[in-house]
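Engineer: Sharing a structure with you now.
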Amino acid sequence: MASASRATPDKLPAWQTLKQHAEELKSVHLKTLFGSDRSRWSNFTRQVAGLTLDLSKQRWDDDTLEHLLALAHDAGVPGAIDALLSGKRVNTSENRPALHTALRLPADAILNVEGEDVVAGVHESLAQMERLVCRLHAGQWRGATGKPIRHVVNLGVGGSDLGPLMVTHALADCRPRDIHPIEVHFASTMDGSQLADYLSRFNPETTIFVLSSKSFTTIDTLSNANTARDWLLGRLTHHGDFASTSDVSAELIVRQHFIGVSASPEKMSEWGIAADHQLKFWEWVGGRYSLWGTIGLPIALVIGMANFRELLAGAHAMDSHFREAPLEDNLPVLLALAGIWNVNFLDIRAHSILPYDGRLEYFAAYLEQLEMESNGKSVTRQGQAVSYSTCPVLWGQLGPNAQHAFYQLLHQGTQPVVCDFIAPLKRYDEVADPDTRRHLKAQHRLALANCFAQSRVLMLGDDALDDDGPRPEHKRYRGNQPSTTVLLDKLTPHSLGALIALYEHKVFVQAVIWDINPFDQWGVELGKQIATDTQAIIEGEGDIARMDASSRGLIEAFWAAEQDE
Ligand code: F6P
């Protein structure tokens, strides 16, 4: 990272230049910027690793980019990229590296971190994961009563859920053929509702659980795990519904029906996970950056190890680009700078993620954690309160569905919002039936037409229409809303890996410029602590009188409801 004594970004000369420049550009409409620069698309579009990044609809010009690049240099972005990728302790508050990029290094690479090559260990853990995947895919993994496994339920939350959930959904078409049929499911919520649904439908003899938790202390995951364990024990031991074989011991059930994935082997063992069913990873992999290693087990189960390695290769291609490309051609850097410009100079503090492909349904949810847990910070790495905005409020959902939900606000509301449109160029080539393929390809064109139309209307407003007749005020569109479009040649493991890495590195570059640590999440700790106290009070073990009136009222309402049951 940049040196500890670095000035905060708002004190850097380029920041001041940008402030002045923003004053000049604030009143210039996007349509004017397009009108005055015929080569805008080529000037502001870059391609790498199967991705096309179109930043031409940002409310900026060549000078803006020049000043932003100067800011990136002044803030020490090139040195910080090197520090990240070479394993320096960039996670300053926890005093460790953030080495998710090491998880996607090829086997013949060498990365010495503090005197030790980490690549061999990474590939050993992948090989161990592959052995488990192969057993499950071959139908060789047997439940405690001897039956092959049908359902795998991932129990995890945050980074131990969202990445695998997002990728398995996005790449479900890549399932290998000719494997034992296995379905992968996810339960994250501590209220047990997702899990309860599975428990009501699945056969315990053919269901296993993956307990995914970096810390192995997360109550959400452990409460689901305890419920799952009791369900299995209740049904598979000699008292239960499936007690066909009398010698099924509790130990065998826990052994055969749980896999653990964690950075804490001790805690996995304490919970009862068999040593050879434990997949480990390292403290230097942040939870929200962990899908690339053993936390990716559900991904490998759905898409197979060969495709999982392609996902890693795509991310690695983006890592190499991030390390080598000059800042002005560096996709993550440019994406980050567009964000800095919007947040800090145009005062646009809402950001919507809008994929135009149903397979990317969970991409926005994934980015919500990646961006807001990483950069939702207000203290610099030196511990000073920041005097500028950091991470915007980021949310999203599938673009075509959002068109019928919140686009009204994008087009005519009072809040400025920047949007990321994401879409694959090619789709449905693999559908065998020609009639269905024709229909689906037409639907793909329909989706792309809508994607391109929306960014155009956001940019031009009313002027997107050829007819320029008078319009009543309630039908006016002001336009001038900036957006980015990311096109994937095709949605494949490789391009998805590159896309995710693009956003990971964008988040990092923004953190460098804002001088914050993107790799910790202290802000979620107090809530966990207070929840523990509150739970004690709900259970009648604490002093409700010391609580505020609202919290007291809520708890008393709950107690009254319990009395009625
Ligand atoms: O509470 C936030 C958090 O720590 C996230 O950073 C993390 O991804 C999630 O909880 C789950 O943590 P774990 O994998 O340790 O269960």
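Naming works like this for the structure tokens: A, B, ... for the chains as they're shown, residue 1 at the start of each chain, ligands 1 onward in shown order.
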Mind checking which residues fall within 10 Å of Ser455 in chain A, counting only C-alpha atoms, ignoring those fewer than 4 positions away in the same chain, and posting them as a ChimeraX atom specification?

Structural biologist: /A:57,419-421,450-451,459-461,479,481-485

Engineer: For the structure I just gave you, how does DSSP split range 61-272 of chain A - specifically, which residues are strand (DSSP E or B)? Reply as a PyMOL selection string.

Structural biologist: chain A and resi 91+96+112-113+116-117+142+148+151-155+183-187+207-212+258-262

Engineer: I need the residues from that last selection saved to file as a compact mmCIF listing (two decimals), in the first residue's frame (with C-alpha atoms), if you can.

Structural biologist:
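Full text of again_39.txt as output:
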# COMPACT_ATOMS: atom_id res chain seq x y z
CA ASN A 91 -4.56 -5.72 5.67
CA ARG A 96 -1.65 -9.82 7.33
CA ASN A 112 7.39 -16.25 -1.79
CA VAL A 113 5.56 -14.62 1.06
CA GLU A 116 7.64 -19.26 2.12
CA ASP A 117 6.28 -20.25 -1.29
CA ARG A 142 -21.81 -42.99 1.00
CA PRO A 148 -24.81 -42.55 -2.39
CA HIS A 151 -28.17 -33.49 -1.93
CA VAL A 152 -25.32 -31.30 -0.71
CA VAL A 153 -26.38 -28.35 1.44
CA ASN A 154 -23.87 -25.56 1.96
CA LEU A 155 -24.26 -23.98 5.39
CA GLU A 183 -27.90 -31.22 -6.32
CA VAL A 184 -26.25 -28.37 -4.42
CA HIS A 185 -28.28 -26.08 -2.15
CA PHE A 186 -27.56 -23.14 0.12
CA ALA A 187 -28.86 -22.26 3.57
CA THR A 207 -27.99 -35.63 2.22
CA ILE A 208 -24.70 -34.16 3.37
CA PHE A 209 -23.85 -30.70 4.68
CA VAL A 210 -20.84 -28.53 3.97
CA LEU A 211 -20.11 -26.40 6.99
CA SER A 212 -18.44 -23.36 5.44
CA PHE A 258 -20.50 -33.28 7.25
CA ILE A 259 -17.60 -31.70 5.40
CA GLY A 260 -15.97 -28.66 7.04
CA VAL A 261 -14.30 -25.74 5.25
CA SER A 262 -12.49 -23.31 7.51

Engineer: Could you go through range 304-365 of chain A and tell me which residues DSSP, when run on the backbone, assigns to helix (DSSP H, G or I), listing them as a PyMOL selection string?

Structural biologist: chain A and resi 304-324+327-329+331-345+358-360+363-365

Engineer: For ligand 1, collect every residue having any atom at a distance of at most 8 Å from a ligand atom (counting only C-alpha atoms and all ligand atoms); output as a count of residues only.

Structural biologist: 26

Engineer: So which one's closest to Leu126 in chain A, A:Leu458, A:Leu335, A:Ile538, A:Leu312? Using only C-alpha atoms, please.

Structural biologist: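 Of the candidates, the smallest distance to Leu126 in chain A is held by A:Leu312.
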
Engineer: Between CA of Ala72 in chain A and CA of His316 in chain A, what distance in Å does the model show, to one decimal?

Structural biologist: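 A separation of 22.8 Å between them.
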
Engineer: Got a sec: who's within 12 Å of Gly79 in chain A, counting only C-alpha atoms, leaving out chain neighbours fewer than 5 positions off, as a PyMOL selection string?

Structural biologist: chain A and resi 1-3+72-74+84-86+88+90+323+327+509+512-513
